[in-house]
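Peer 1: Sharing data.txt below, compact mmCIF, C-alpha atoms:
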# COMPACT_ATOMS: atom_id res chain seq x y z
CA MET A 12 0.00 0.00 0.00
CA LEU A 13 1.02 3.55 -0.61
CA LYS A 14 1.71 5.72 2.45
CA VAL A 15 0.37 9.27 2.64
CA ALA A 16 3.91 10.70 2.66
CA THR A 17 4.72 8.74 -0.50
CA LEU A 18 1.58 10.00 -2.17
CA LEU A 19 2.53 13.59 -1.29
CA ASP A 20 5.96 12.90 -2.78
CA LEU A 21 4.30 11.71 -5.99
CA LEU A 22 2.07 14.79 -6.06
CA HIS A 23 5.20 16.92 -5.77
CA GLY A 24 6.53 15.17 -8.87
CA ALA A 25 3.19 15.79 -10.57
CA GLY A 26 3.55 19.47 -9.72
CA VAL A 27 6.93 19.55 -11.49
CA THR A 28 5.42 17.79 -14.53
CA VAL A 29 2.55 20.29 -14.68
CA ALA A 30 4.80 23.32 -14.11
CA VAL A 31 7.33 22.39 -16.79
CA SER A 32 4.56 21.49 -19.25
CA MET A 33 2.64 24.72 -18.63
CA LEU A 34 5.75 26.88 -19.07
CA ALA A 35 6.62 25.03 -22.28
CA ILE A 36 3.06 25.42 -23.58
CA ALA A 37 2.96 29.12 -22.67
CA ALA A 38 6.16 29.69 -24.64
CA GLY A 39 5.40 27.19 -27.40
CA ILE A 40 2.05 28.57 -28.57
CA PRO A 41 3.30 32.08 -29.49
CA LEU A 42 6.53 30.55 -30.85
CA GLY A 43 4.43 28.30 -33.04
CA LEU A 44 2.50 31.33 -34.28
CA MET A 45 5.81 32.98 -35.18
CA LEU A 46 6.87 29.84 -37.06
CA ALA A 47 3.58 29.79 -38.97
CA ALA A 48 3.98 33.50 -39.77
CA GLY A 49 7.50 32.83 -40.99
CA ARG A 50 6.33 29.97 -43.19
CA THR A 51 3.48 31.93 -44.76
CA GLY A 52 5.49 35.15 -44.98
CA ARG A 53 7.24 36.78 -47.94
CA ILE A 54 10.92 36.32 -47.04
CA ARG A 55 12.22 33.20 -48.74
CA VAL A 56 15.11 32.47 -46.34
CA VAL A 57 12.80 32.72 -43.33
CA ARG A 58 10.26 30.46 -45.06
CA ALA A 59 12.93 27.82 -45.75
CA PHE A 60 14.33 28.00 -42.23
CA CYS A 61 10.90 27.65 -40.59
CA ALA A 62 10.01 24.71 -42.84
CA ALA A 63 13.29 22.92 -42.10
CA TYR A 64 13.00 23.59 -38.37
CA SER A 65 9.46 22.28 -38.24
CA SER A 66 10.30 19.15 -40.23
CA PHE A 67 13.42 18.39 -38.14
CA VAL A 68 11.94 18.94 -34.69
CA ARG A 69 8.77 17.01 -35.43
CA ALA A 70 10.81 13.99 -36.58
CA VAL A 71 13.20 13.85 -33.62
CA PRO A 72 12.37 12.02 -30.37
CA VAL A 73 11.98 14.38 -27.43
CA VAL A 74 14.46 12.31 -25.40
CA THR A 75 17.18 12.68 -28.03
CA PHE A 76 16.35 16.35 -28.57
CA MET A 77 16.54 16.92 -24.80
CA MET A 78 20.01 15.33 -24.72
CA LEU A 79 21.14 17.45 -27.69
CA ILE A 80 20.03 20.60 -25.86
CA TYR A 81 21.37 19.70 -22.41
CA PHE A 82 24.56 17.76 -23.21
CA GLY A 83 25.29 19.03 -26.71
CA LEU A 84 24.75 22.80 -26.57
CA PRO A 85 27.45 23.46 -23.91
CA ALA A 86 29.95 22.54 -26.66
CA LEU A 87 28.67 25.64 -28.50
CA GLY A 88 28.97 27.72 -25.34
CA ILE A 89 25.29 27.53 -24.33
CA ALA A 90 25.08 25.77 -20.96
CA LEU A 91 21.67 25.57 -19.28
CA ASP A 92 20.64 24.18 -15.90
CA PRO A 93 18.37 21.11 -16.01
CA PHE A 94 15.07 22.91 -15.28
CA PRO A 95 15.47 25.73 -17.85
CA ALA A 96 16.87 23.21 -20.35
CA ALA A 97 13.79 21.02 -19.84
CA VAL A 98 11.40 23.93 -20.40
CA PHE A 99 13.44 25.17 -23.36
CA ALA A 100 13.57 21.79 -25.12
CA LEU A 101 9.87 21.05 -24.57
CA ALA A 102 8.93 24.57 -25.73
CA LEU A 103 11.00 24.22 -28.91
CA ASN A 104 9.38 20.83 -29.51
CA THR A 105 5.77 21.83 -28.97
CA ALA A 106 6.31 25.06 -30.96
CA ALA A 107 6.95 23.01 -34.10
CA PHE A 108 3.65 21.12 -33.69
CA ASN A 109 1.74 24.27 -32.77
CA GLY A 110 3.25 25.93 -35.84
CA GLU A 111 1.64 23.25 -38.03
CA ILE A 112 -1.73 23.83 -36.34
CA TRP A 113 -1.54 27.61 -36.85
CA ARG A 114 -0.35 27.16 -40.42
CA ALA A 115 -3.29 24.88 -41.27
CA ALA A 116 -5.69 27.38 -39.69
CA ILE A 117 -4.19 30.28 -41.69
CA ALA A 118 -4.31 28.23 -44.91
CA ASP A 119 -7.98 27.37 -44.28
CA PHE A 120 -8.94 30.97 -43.60
CA PRO A 121 -11.62 32.21 -46.04
CA HIS A 122 -9.89 34.27 -48.70
CA GLY A 123 -12.83 36.63 -49.22
CA GLN A 124 -12.47 38.04 -45.71
CA LEU A 125 -8.82 38.87 -46.35
CA GLU A 126 -9.69 40.58 -49.64
CA ALA A 127 -12.42 42.55 -47.88
CA ALA A 128 -9.91 43.65 -45.24
CA ARG A 129 -7.51 44.76 -47.99
CA ALA A 130 -10.33 46.63 -49.70
CA PHE A 131 -10.93 48.51 -46.46
CA GLY A 132 -7.29 49.55 -46.51
CA MET A 133 -6.00 47.28 -43.73
CA THR A 134 -2.34 46.33 -43.90
CA ARG A 135 -1.30 42.66 -43.66
CA ASN A 136 -0.39 43.19 -40.05
CA VAL A 137 -3.63 44.89 -39.03
CA SER A 138 -5.79 42.40 -40.91
CA PHE A 139 -3.98 39.52 -39.21
CA TRP A 140 -4.52 40.81 -35.67
CA ARG A 141 -7.99 42.28 -36.27
CA ILE A 142 -9.55 39.74 -38.65
CA VAL A 143 -7.59 36.47 -38.84
CA PHE A 144 -6.27 35.84 -35.34
CA PRO A 145 -9.52 36.42 -33.39
CA GLN A 146 -11.12 33.69 -35.50
CA ILE A 147 -8.32 31.13 -35.86
CA TRP A 148 -7.42 30.89 -32.18
CA ARG A 149 -10.93 29.65 -31.52
CA SER A 150 -10.96 27.14 -34.38
CA SER A 151 -7.46 25.93 -33.44
CA LEU A 152 -8.26 25.45 -29.77
CA PRO A 153 -9.15 21.72 -29.96
CA SER A 154 -5.96 20.93 -31.91
CA LEU A 155 -3.85 23.02 -29.54
CA VAL A 156 -5.31 21.21 -26.53
CA ASN A 157 -4.63 17.89 -28.22
CA GLU A 158 -1.00 18.93 -28.64
CA MET A 159 -0.91 19.92 -24.94
CA THR A 160 -1.97 16.39 -23.93
CA LEU A 161 0.74 14.95 -26.21
CA LEU A 162 3.30 17.25 -24.62
CA ILE A 163 2.37 16.13 -21.10
CA LYS A 164 2.75 12.54 -22.25
CA VAL A 165 6.30 13.04 -23.57
CA SER A 166 7.28 15.22 -20.61
CA PRO A 167 8.91 12.23 -18.77
CA ALA A 168 11.79 12.87 -21.19
CA ILE A 169 12.90 15.63 -18.81
CA ALA A 170 13.85 12.91 -16.31
CA ILE A 171 16.83 12.02 -18.49
CA ILE A 172 18.53 15.33 -17.67
CA GLY A 173 17.84 14.94 -13.95
CA VAL A 174 14.60 16.85 -13.44
CA VAL A 175 12.50 14.86 -10.96
CA ASP A 176 9.07 14.78 -12.58
CA LEU A 177 6.16 12.45 -11.81
CA THR A 178 7.58 9.46 -13.71
CA ARG A 179 11.05 9.78 -12.19
CA LYS A 180 9.55 10.24 -8.72
CA ALA A 181 7.59 7.03 -9.15
CA ARG A 182 10.76 5.24 -10.22
CA GLN A 183 12.66 6.58 -7.18
CA ILE A 184 9.90 5.51 -4.81
CA SER A 185 9.75 2.06 -6.39
CA ALA A 186 13.53 1.68 -6.02
CA VAL A 187 13.39 2.58 -2.32
CA THR A 188 10.30 0.63 -1.29
CA TYR A 189 10.90 -2.45 -3.47
CA GLU A 190 7.20 -2.25 -4.27
CA PRO A 191 7.19 -0.84 -7.79
CA LEU A 192 3.59 -1.37 -8.84
CA PRO A 193 1.72 0.84 -6.30
CA ALA A 194 3.92 3.84 -7.15
CA PHE A 195 3.72 3.28 -10.93
CA VAL A 196 -0.02 2.67 -10.94
CA SER A 197 -0.63 5.77 -8.79
CA ALA A 198 1.53 7.80 -11.18
CA ALA A 199 -0.48 6.47 -14.14
CA LEU A 200 -3.71 7.47 -12.38
CA ILE A 201 -2.35 10.96 -11.72
CA TYR A 202 -1.41 11.36 -15.41
CA GLY A 203 -4.91 10.19 -16.35
CA LEU A 204 -6.42 12.73 -13.94
CA VAL A 205 -4.29 15.62 -15.23
CA LEU A 206 -5.14 14.80 -18.86
CA ALA A 207 -8.84 14.35 -18.04
CA LEU A 208 -8.92 17.73 -16.26
CA LEU A 209 -7.20 19.41 -19.20
CA VAL A 210 -9.60 17.90 -21.74
CA ALA A 211 -12.65 18.70 -19.57
CA GLY A 212 -11.45 22.29 -19.13
CA ALA A 213 -10.99 22.66 -22.88
CA ARG A 214 -14.49 21.27 -23.58
CA TRP A 215 -15.96 23.72 -21.09
CA LEU A 216 -14.10 26.61 -22.73
CA GLU A 217 -15.20 25.48 -26.21
CA ARG A 218 -18.83 25.38 -25.08
CA ARG A 219 -18.56 28.87 -23.60
CA LEU A 220 -16.92 30.19 -26.75
CA ALA A 221 -19.58 28.57 -28.92
CA ARG A 222 -22.27 30.29 -26.85
CA ARG A 223 -20.45 33.63 -26.88
CA PHE A 224 -19.51 33.74 -30.58
CA GLY A 225 -21.96 31.33 -32.17
CA PHE A 226 -20.39 28.30 -33.87
CA ALA A 227 -16.63 28.40 -33.23
CA MET B 27 35.22 23.89 -31.18
CA THR B 28 36.14 21.28 -33.74
CA PHE B 29 33.52 18.96 -35.10
CA ARG B 30 34.87 15.45 -34.49
CA VAL B 31 33.91 13.79 -37.78
CA ASP B 32 36.62 11.17 -37.19
CA VAL B 33 34.86 9.87 -34.05
CA ILE B 34 31.52 9.70 -35.84
CA LEU B 35 33.06 7.82 -38.79
CA LYS B 36 34.91 5.43 -36.48
CA GLU B 37 31.75 4.72 -34.50
CA ALA B 38 29.49 4.54 -37.57
CA PRO B 39 28.91 0.80 -37.01
CA GLN B 40 27.54 1.50 -33.53
CA PHE B 41 25.14 4.14 -34.89
CA ALA B 42 24.12 1.75 -37.67
CA ALA B 43 23.47 -1.05 -35.18
CA GLY B 44 21.40 1.32 -33.02
CA LEU B 45 19.40 2.52 -36.01
CA GLY B 46 18.88 -1.09 -37.09
CA ASN B 47 17.54 -2.02 -33.65
CA THR B 48 15.21 0.99 -33.64
CA ILE B 49 13.86 0.03 -37.07
CA TRP B 50 13.25 -3.65 -36.46
CA LEU B 51 11.79 -3.16 -32.96
CA CYS B 52 9.33 -0.54 -34.22
CA GLY B 53 8.55 -2.45 -37.41
CA VAL B 54 7.81 -5.72 -35.62
CA SER B 55 5.77 -4.07 -32.87
CA MET B 56 3.81 -2.07 -35.44
CA ALA B 57 2.87 -5.29 -37.28
CA LEU B 58 1.91 -7.04 -34.02
CA SER B 59 -0.14 -4.14 -32.68
CA LEU B 60 -1.88 -3.70 -36.02
CA ALA B 61 -3.07 -7.32 -35.69
CA LEU B 62 -4.01 -6.88 -32.02
CA GLY B 63 -5.71 -3.55 -32.74
CA ALA B 64 -7.77 -5.26 -35.47
CA LEU B 65 -8.83 -7.93 -32.95
CA PHE B 66 -9.81 -5.11 -30.59
CA LEU B 67 -12.21 -3.85 -33.27
CA VAL B 68 -14.55 -6.75 -32.45
CA PRO B 69 -15.51 -5.42 -28.98
CA LEU B 70 -15.08 -1.78 -30.10
CA THR B 71 -17.71 -2.16 -32.82
CA SER B 72 -19.86 -4.68 -30.98
CA GLN B 73 -23.66 -4.49 -31.06
CA LYS B 74 -23.72 -4.60 -27.23
CA PRO B 75 -23.35 -1.06 -25.80
CA SER B 76 -21.88 -2.29 -22.49
CA LEU B 77 -19.10 -4.25 -24.21
CA ARG B 78 -18.44 -1.32 -26.55
CA ARG B 79 -18.17 1.12 -23.65
CA LEU B 80 -15.81 -1.16 -21.73
CA ALA B 81 -13.53 -1.54 -24.76
CA ARG B 82 -13.53 2.24 -25.31
CA ALA B 83 -12.60 2.79 -21.66
CA VAL B 84 -9.69 0.33 -21.88
CA VAL B 85 -8.37 1.97 -25.06
CA ASP B 86 -8.75 5.51 -23.66
CA ALA B 87 -6.99 4.55 -20.42
CA GLY B 88 -4.15 2.98 -22.42
CA ARG B 89 -3.71 6.20 -24.36
CA CYS B 90 -3.32 8.22 -21.14
CA ILE B 91 -0.14 6.50 -19.92
CA PRO B 92 3.20 8.06 -20.94
CA PHE B 93 5.45 5.60 -22.78
CA LEU B 94 8.26 5.78 -20.22
CA LEU B 95 5.89 5.03 -17.34
CA LEU B 96 4.55 2.00 -19.22
CA THR B 97 8.14 0.86 -19.82
CA TYR B 98 8.80 1.09 -16.08
CA ILE B 99 5.62 -0.83 -15.29
CA VAL B 100 6.56 -3.66 -17.67
CA TYR B 101 10.29 -3.78 -16.86
CA PHE B 102 10.40 -2.94 -13.13
CA GLY B 103 6.79 -3.49 -12.04
CA LEU B 104 5.80 -6.84 -13.54
CA PRO B 105 8.59 -8.81 -11.78
CA SER B 106 6.76 -8.22 -8.49
CA LEU B 107 3.86 -10.16 -10.02
CA GLY B 108 6.26 -12.93 -10.98
CA VAL B 109 6.64 -11.89 -14.65
CA VAL B 110 10.35 -11.29 -15.24
CA LEU B 111 11.25 -10.15 -18.76
CA ASP B 112 14.71 -9.42 -20.14
CA LYS B 113 15.11 -5.92 -21.57
CA TRP B 114 14.51 -6.97 -25.20
CA THR B 115 11.27 -8.78 -24.41
CA ALA B 116 10.20 -5.96 -22.09
CA ALA B 117 10.95 -3.38 -24.80
CA LEU B 118 8.98 -5.27 -27.43
CA ALA B 119 6.10 -5.95 -25.02
CA THR B 120 5.93 -2.27 -24.04
CA LEU B 121 5.98 -1.07 -27.66
CA VAL B 122 3.22 -3.51 -28.63
CA LEU B 123 1.08 -2.86 -25.56
CA TYR B 124 1.39 0.93 -25.93
CA ASN B 125 0.86 1.03 -29.66
CA THR B 126 -2.11 -1.36 -29.66
CA ALA B 127 -4.28 1.20 -27.84
CA TYR B 128 -3.48 3.78 -30.54
CA MET B 129 -3.95 1.33 -33.42
CA ALA B 130 -7.31 0.21 -32.02
CA GLU B 131 -8.44 3.84 -31.81
CA ILE B 132 -7.16 4.63 -35.33
CA LEU B 133 -8.92 1.59 -36.79
CA ARG B 134 -12.13 2.41 -34.89
CA ALA B 135 -12.12 5.99 -36.14
CA GLY B 136 -11.48 4.74 -39.68
CA TRP B 137 -14.26 2.19 -39.31
CA ALA B 138 -16.66 4.89 -38.13
CA SER B 139 -15.92 6.88 -41.29
CA LEU B 140 -16.73 3.96 -43.61
CA PRO B 141 -20.18 4.02 -45.22
CA ALA B 142 -22.55 2.30 -42.75
CA GLY B 143 -24.60 0.81 -45.59
CA GLN B 144 -21.81 -1.61 -46.47
CA THR B 145 -21.72 -3.13 -43.01
CA GLN B 146 -25.52 -3.36 -42.97
CA ALA B 147 -25.53 -5.00 -46.40
CA ALA B 148 -22.86 -7.47 -45.28
CA ARG B 149 -24.84 -8.29 -42.12
CA ALA B 150 -27.92 -8.82 -44.29
CA PHE B 151 -25.87 -11.34 -46.30
CA GLY B 152 -25.14 -13.20 -43.06
CA TYR B 153 -21.62 -11.89 -42.36
CA SER B 154 -20.89 -11.30 -38.70
CA GLY B 155 -18.10 -11.06 -36.15
CA PHE B 156 -14.63 -11.95 -37.37
CA LEU B 157 -15.68 -12.87 -40.93
CA LEU B 158 -17.37 -9.49 -41.40
CA LEU B 159 -14.22 -7.82 -40.13
CA ARG B 160 -11.82 -9.80 -42.30
CA ARG B 161 -13.73 -9.84 -45.57
CA ILE B 162 -15.59 -6.52 -45.65
CA ILE B 163 -14.23 -4.02 -43.17
CA LEU B 164 -10.46 -4.56 -42.90
CA PRO B 165 -9.54 -4.40 -46.61
CA GLN B 166 -11.17 -0.98 -47.00
CA LEU B 167 -9.98 0.18 -43.61
CA ILE B 168 -6.29 -0.47 -44.23
CA ILE B 169 -6.35 1.69 -47.35
CA ALA B 170 -8.36 4.43 -45.62
CA VAL B 171 -6.15 4.65 -42.52
CA GLY B 172 -2.80 3.96 -44.24
CA PRO B 173 -1.45 7.51 -43.87
CA VAL B 174 -2.53 7.67 -40.22
CA ILE B 175 -0.69 4.41 -39.57
CA GLY B 176 2.41 5.95 -41.15
CA ASN B 177 2.18 8.88 -38.74
CA GLN B 178 1.69 6.51 -35.84
CA LEU B 179 4.81 4.58 -36.89
CA ILE B 180 6.78 7.85 -36.72
CA GLN B 181 5.29 8.44 -33.27
CA LEU B 182 6.32 4.94 -32.20
CA ILE B 183 9.90 5.46 -33.43
CA LYS B 184 10.09 8.67 -31.43
CA ASP B 185 8.73 6.99 -28.30
CA SER B 186 11.18 4.10 -28.70
CA ALA B 187 14.01 6.52 -27.79
CA PHE B 188 12.75 6.20 -24.18
CA LEU B 189 13.95 2.59 -24.26
CA SER B 190 17.53 3.87 -23.96
CA ILE B 191 16.67 4.46 -20.28
CA ILE B 192 16.39 0.70 -19.71
CA THR B 193 19.77 0.42 -21.57
CA LEU B 194 18.30 -1.11 -24.71
CA PRO B 195 20.88 -0.51 -27.47
CA GLU B 196 18.71 1.47 -29.89
CA LEU B 197 19.79 4.65 -31.68
CA THR B 198 19.61 7.10 -28.76
CA PHE B 199 21.44 4.65 -26.49
CA ALA B 200 24.16 4.24 -29.12
CA ALA B 201 24.54 8.03 -29.37
CA ASN B 202 24.76 8.30 -25.60
CA ALA B 203 27.36 5.51 -25.44
CA VAL B 204 29.53 7.19 -28.08
CA GLN B 205 29.25 10.62 -26.46
CA SER B 206 30.17 9.38 -22.99
CA TYR B 207 33.17 7.39 -24.28
CA TYR B 208 34.73 10.11 -26.46
CA PHE B 209 33.00 13.09 -24.84
CA VAL B 210 31.54 14.36 -28.11
CA PRO B 211 27.94 15.13 -26.96
CA PHE B 212 27.10 17.67 -29.66
CA GLU B 213 28.35 15.60 -32.61
CA SER B 214 26.89 12.37 -31.29
CA PHE B 215 23.37 13.62 -30.56
CA LEU B 216 23.30 15.71 -33.74
CA VAL B 217 24.07 12.60 -35.81
CA ALA B 218 21.38 10.64 -33.95
CA THR B 219 18.75 13.36 -34.49
CA LEU B 220 19.67 13.62 -38.19
CA LEU B 221 19.30 9.84 -38.54
CA TYR B 222 15.83 10.01 -36.93
CA TRP B 223 14.95 12.83 -39.31
CA ALA B 224 16.05 10.79 -42.31
CA LEU B 225 14.15 7.73 -41.07
CA CYS B 226 10.93 9.69 -40.61
CA ALA B 227 11.34 11.40 -43.99
CA GLY B 228 11.72 7.94 -45.53
CA ILE B 229 8.51 6.73 -43.91
CA GLU B 230 6.63 9.82 -45.11
CA TRP B 231 7.91 9.19 -48.63
CA LEU B 232 6.71 5.56 -48.49
CA VAL B 233 3.28 6.64 -47.22
CA ARG B 234 2.92 9.11 -50.11
CA ARG B 235 3.86 6.37 -52.60
CA MET B 236 1.30 4.03 -51.06
CA GLU B 237 -1.40 6.69 -51.19
CA ARG B 238 -0.73 7.27 -54.87
CA TRP B 239 -0.82 3.52 -55.49
CA ALA B 240 -4.13 3.23 -53.58
CA SER B 241 -5.77 6.04 -55.54
CA GLN B 242 -4.62 4.45 -58.81
CA MET B 243 -6.14 1.13 -57.68
CA ARG B 244 -9.40 2.84 -56.84
CA ARG B 245 -9.54 4.53 -60.22
CA ALA B 246 -8.69 1.26 -61.98
CA HIS B 247 -11.60 -0.53 -60.25
CA ALA B 248 -14.10 2.31 -60.44
Would you kindly transcribe this structure into structure tokens?
Peer 2:
Amino acid sequence: MLKVATLLDLLHGAGVTVAVSMLAIAAGIPLGLMLAAGRTGRIRVVRAFCAAYSSFVRAVPVVTFMMLIYFGLPALGIALDPFPAAVFALALNTAAFNGEIWRAAIADFPHGQLEAARAFGMTRNVSFWRIVFPQIWRSSLPSLVNEMTLLIKVSPAIAIIGVVDLTRKARQISAVTYEPLPAFVSAALIYGLVLALLVAGARWLERRLARRFGFA
Amino acid sequence: MTFRVDVILKEAPQFAAGLGNTIWLCGVSMALSLALGALFLVPLTSQKPSLRRLARAVVDAGRCIPFLLLTYIVYFGLPSLGVVLDKWTAALATLVLYNTAYMAEILRAGWASLPAGQTQAARAFGYSGFLLLRRIILPQLIIAVGPVIGNQLIQLIKDSAFLSIITLPELTFAANAVQSYYFVPFESFLVATLLYWALCAGIEWLVRRMERWASQMRRAHA
């Protein structure tokens, strides 16, 4: 059986998982928007760079990427502590996926609205922030939330650079108590709970938005 | 800094062996979980709502567990129930177990998008259960969900990097071994990430070829 102190220990690990994931998401969503802007923009070099970045990062395992950032970058003179490195690597990773979501939303945007905005004399910049963005963030919300759940599920990769998240905590507890299953199963339940809360929160927000703005 | 190409070239066989292990482990577990996922379609598409709901719950729960945690459960947790697996068997079992939940969900979603009339017509002709699945549903399903399966294979390859934590000699483990022996972390992990990139690009290319082939087949039979 799991003791209360052990459970609190696990919850502490869960707190680290949630904190790192939330920081990475908070940085990754605007970064993804910048990537999408770069890929749909007019400067060819920027377009090529954003496309290559997105293709590379989406194909590389988070574990390997994490090691490249934490163990590899010091060779280029960029040394990060484990916690910032974890947030940085996860943010760079999720930004590539968010970039694809934003890009699809921009590509799907009705062309007539953009032409109307031009006809009213709006610049590209103004029409993006006044016309495009207020609509696409709502339509992209389900995909963005889906990417958040995927990010939380790969977040145990931060354990490899020594950040004690929920999965690593469970492993430590199992190594000390010689009873691996209670700790692992509790950790699995906590992950399930976190993901369920996230999805339920997103559904609630979608319903509110649908009521506020009509069909999202 | 100097980029140590010499170390990478000298250790190329180790990278190749790691890449080979990544490929065959993911390929074999993809084939196995495709078969298991197809078997899971029977309860997932059952006529009994209670059975259907139970199967959905099992699949959804399976998709909530992070891959590394599942690896720990299989490799460190199961021995306390008397099931002791060596790291290769544990790795394969984890990959199959994890991926089956996703394959079942992909096949179910694909099945739900098939025209319902076909299944009804087949039932009217007396097809049911496994025969219905094998003769009517699966052939169409595989073509419909082919690209999604390709994406899932890429996902599986990326998750398999976690297996380096239980010291399974796949690509990430090989990169880590090389970097800790020669202390060339940047070169070593860069080569590993580029190899993953190439592998995933190859899979995407194959999926596009298959899609083109499938659309030609459809046109030929239309």
Peer 1: Could you tell me which residues of chain B sit within 8 Å of chain A when counting all atoms listed in the file, and give me the result as a PyMOL selection string?
Peer 2: chain B and resi 27+87+90-95+98-99+102-104+106+180+183-185+187-188+191+198+210-213+215-216+218-220+222-223+226-227
Peer 1: Nearest to Asp86 of chain B among B:Ala116, B:Gly53, B:Ala130, B:Pro69, with distances taken over all atoms listed in the file: which residue is it?
Peer 2: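 Distance minimum relative to Asp86 of chain B lands on B:Ala130.
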Peer 1: Counting all atoms listed in the file, which residue out of A:Ala118, A:Val156, A:Ile184, A:Val98 sits closest to Gly212 of chain A?
Peer 2: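 Smallest distance to Gly212 of chain A is found for A:Val156.
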Peer 1: I'd like the neighbourhood of segment 121-124 of chain A as a VMD selection string, where a residue qualifies if any of its atoms comes within 12 Å (using only C-alpha atoms), though same-chain residues fewer than 2 positions away should be ignored.
Peer 2: chain A and resid 116 to 119 126 to 131 133 138 to 139 141 to 143 146 to 147
Peer 1: Between B:Gln73, B:Phe199, B:Met243, B:Tyr207, which is the closest to Phe41 of chain B once you count all atoms listed in the file?
Peer 2: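 Smallest separation from Phe41 of chain B among the options: B:Phe199.
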Peer 1: Please, what distance in Å, to one decimal, runs between atom CA of Ala96 of chain A and atom CA of Gly52 of chain A?
Peer 2: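 Interatomic distance, atom CA of Ala96 of chain A to atom CA of Gly52 of chain A: 29.6 Å.
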Peer 1: Record the distance separating atom CA of Val187 of chain A and atom CA of Gly108 of chain B, expressed in Å with one decimal.
Peer 2: 19.1 Å
Peer 1: Near Leu60 of chain B, counting all atoms listed in the file, which residues have an atom at most 8 Å away, once you skip same-chain residues fewer than 2 positions from it, shown as an MDAnalysis selection string?
Peer 2: chainID B and resid 56:58 62:64 126 129:130
Peer 1: For a test of reading the model, state the distance in Å between atom CA of Ile34 of chain B and atom CA of Ser214 of chain B, rounded to one decimal.
Peer 2: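 Atom CA of Ile34 of chain B sits 7.0 Å away from atom CA of Ser214 of chain B.
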Peer 1: Could you write out as JSON the box around segment 39-57 of chain A (axis-aligned, all atoms listed in the file, 6 Å on each side), with centre and edge lengths in Å to one decimal?
Peer 2:
{"center_x": 8.6, "center_y": 32.0, "center_z": -38.1, "size_x": 25.1, "size_y": 21.6, "size_z": 33.3}
Peer 1: Looking at B:Leu179, B:Leu197, B:Ile168, B:Leu118, which one is nearest to Pro39 of chain B, with distances taken over all atoms listed in the file?
Peer 2: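 Of B:Leu179, B:Leu197, B:Ile168, B:Leu118, the one nearest Pro39 of chain B is B:Leu197, counting all atoms listed in the file.
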Peer 1: I need the residue nearest Ile192 of chain B from this list: B:Ala127, B:Leu140, B:Leu96, B:Ala117. Use all atoms listed in the file for the distance.
Peer 2: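 Ranking B:Ala127, B:Leu140, B:Leu96, B:Ala117 by distance to Ile192 of chain B, first place goes to B:Ala117.
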Peer 1: Hey, which of A:Ala16, A:Val31, A:Ala48, A:Ala221 ends up closest to Phe99 of chain A? Count only C-alpha atoms.
Peer 2: A:Val31
Peer 1: For a cutoff of 6 Å around the file-coordinate point (32.8, 9.3, -31.4), which residues qualify once you count only C-alpha atoms? I'd like the result as a PDB file with C-alpha atoms, in the coordinates of the input.
Peer 2:
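File produced: out.pdb:
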ATOM      1  CA  VAL B  33      34.860   9.870 -34.050  1.00  0.00           C
ATOM      2  CA  ILE B  34      31.520   9.700 -35.840  1.00  0.00           C
ATOM      3  CA  GLU B  37      31.750   4.720 -34.500  1.00  0.00           C
ATOM      4  CA  VAL B 204      29.530   7.190 -28.080  1.00  0.00           C
ATOM      5  CA  TYR B 208      34.730  10.110 -26.460  1.00  0.00           C
TER       6      TYR B 208
END
